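Peer 1: Questions regarding the structure given below will be posed in turn.
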Amino acid sequence: MAFDRDDMLDTYLLETSQILEELQGVVLKYRDEKEFPPEAIDEIFRHMHTMKGSAGFMMFEQINMLTHKMEDVFFYIRENKPKEVPHKELIELVLKVADFVQGELDRLSAGEMADTAAGELISELDAFLESINVDKKAAGKKTKSWTGSGAGRETTRIYIAPKDTIASHYYQIYITYARDTKLANVHAYKVVHALKGIAQDIKYSPASILTDENSSAEILEQGFKILLRSAVSKKQIGKIVSAGYETDSISITEIDAARYNAGFKLFGVDADIAARHSKDKTEYVPGDFVVHANEPGGGVVLAKDNASAKLKKSHVNVEVAELDRLSDLVMKLVSQENKLTEGKTVDKIKDITEDIRSVVNDMRMVPLTNIFLRMNRVIFEASRKLNKDIECSFIGDDVRADRGIVEHISDPLMHMVRNSADHGIEDAIVREAQGKPVKGRITLKAEVTDGELRISVIDDGAGLDRDRILLKAREKGLTDGDKADADYTDEEVWRFITLPGFSTNTDITEFSGRGVGMDVVVSSIEQIGGTLDIKSKKGCGSTMTMRFPV
Amino acid sequence: MRILLAEDDFVTRKFMMSFLSKYGDCDVTVDGMEAVDAFLLAQEEGEPYDLVCLDIMMPVMDGYQALIGIRNIEKERGIEPDKAVKIIMATALNEEKNVKMAFDLGCTIYSGKPINQDRFEQALKKLGLIE
């Protein structure tokens, strides 16, 4: 568990493990020889030197002193080439040092401190050094010993791990209130206040609960989200949060540091999807961390966050190679235009223009990832509010689509996803009775096939009720009076739900069923050049697929 | 020992001030630019700081920019690397990228937050800033 918490520690553990492996290799290779050849001496010296430096950097003083002493020993052997070096003893000592360091690495991995005393082992090394020093001393010769730490003065660099690295837990807390709760923002604030006592750090959304009365509405609609860093256990948090604050439902999940730092963007998202998106993939530059805004609730806005927000609106990430291609094509176009009197030239120009169009199109493509992530949150919030256990998965979230399409499918997708959650996925009891897994599943799928971009919302819920839909359609006079129920194909029946004013739901929930739904969805899709396909099977589920030509 | 602190958060600032005051006189700034200005001022008045403690997330200029600013001032005044001021970045940011950039730009110590006070003191001793 300590692994996720501290990048620097991870790196140290990895690099040092590798060195220990190599050290073992060298030792085993020359174990049965009379002595180490010069290359081996040099190699072991360098390994000890490196470990000394990195241990010093991380402030693991015992490891630092031990490897320093071993470095001394090997330096001595390398420079003075004593005649009699007890090889077996030396091998033993190198292995002992390696074992010690490995032991400390194990402790660090387990979240403990690397503070095992190396004093005894260091004394052994001292004694060894003395013993091989003897013959030179006897002859009265001066010996070269290690004084400096490198060819040039190495600058001291130190990394101090944050104090609570080991004890910190990260939690995601999601609270919903009954729809008629008054002053939900005050209730939310009371929870935050109670948590502050045990919080090392706390962020919440909506953030302006004390100053903005409208935050109540947002809390009732979308729930209250908290990200908490604390040393206490989940159980204790549960006690604090549920102590009579009139909440409707509370969910507490332990998450890792990366997700915590990613903020509310990944709130409620499944762990493995979050893992792919939480590490900021871009390189940082000085200036990225200038604080632009700082609201209560942890709404610190840094320069780099603003930059990426702006990026989405007015910039596109374009590969330099593509820009080069574009320049090339334009130059070719210009040179062809100059020859416009010749016949073949017109065809060549058409080819070039076609290529330019294709490059520009590529530059307009963005991955669907962010939209899918947003939908994931919608599903999470919906599942909480509706008290259903719903899982979301993605297929092809890295598929790229034209920006124009991506910007406009968000609303229709959200509506379809909510429909699936609200009307599609049945309550746990019903599902169990039908032998379905209690956890409902909504899958978002994107693919490019047969010259089309297809984005689907697939649920394993109850499916559309053909009879109910036909009944409602007849009631509203939407059907052809002469046509019998059985004569309608499934597709034709599903079509009815996309007509304005249609809704078979008797109780209109917060989410959907107000009857302004599917017709708006379809017209939004058609406005951007797409179509909507509906497939459904009673008892099994429904699939809504948006299709766009590419 | 003369110490310069740059920290934009009030609570953290109070804590850092009382913590650092154990080791010397501590001057306080609240953003990156103020910190660089203060550093330059001290140089010009002939009473340079021995230790600079920088937060990373600050308004106006962040810790990295302040670090660059300070090192540039030293370069301009021909200050030798072994006489250069010791700079500590103290921050909750903990990714390797952040640490690497800090050292590349010339910081001496990188300390995560919450600060491990014992280690901090050990480090100051290692650097010869305190006994």
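By order of appearance in the structure tokens: chains A, B, ..., then residues from 1 within every chain, and ligands from 1 in the order shown.
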Please identify all residues of chain B having at least one atom at most 8 Å from any atom of chain A, considering only C-alpha atoms, and return them as JSON, numbers by chain.
Peer 2: {"B": [56, 57, 58, 59, 60, 61, 62, 63, 64, 65, 92, 94, 95, 96, 97, 98, 103, 107, 108, 109, 110, 111, 112, 113, 114, 115, 116, 119, 120, 123, 127]}
Peer 1: Please return as an MDAnalysis selection string: the residues of chain B that backbone DSSP assigns to alpha helix (DSSP H).
Peer 2: chainID B and resid 10:20 32:44 63:76 96:104 117:126
Peer 1: What separation in Å, quoted to one decimal, exists between CA of Gly529 (chain A) and CA of Val550 (chain A)?
Peer 2: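 CA of Gly529 (chain A) sits 10.2 Å away from CA of Val550 (chain A).
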Peer 1: Excluding same-chain residues fewer than 3 positions from His415 (chain A), what lies within 9 Å of it counting only C-alpha atoms, as a list of chain:residue names?
Peer 2: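 Using only C-alpha atoms, the neighbours found are A:Ser410, A:Asp411, A:Pro412, A:Arg418, A:Asn419, A:Ser420, A:Phe511, A:Ser512, A:Gly517, A:Met518, A:Val521.
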Peer 1: In Å, with one decimal, what is the gap from CA of Ala66 (chain B) to CA of Met17 (chain B)?
Peer 2: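 Interatomic distance here is 19.0 Å.
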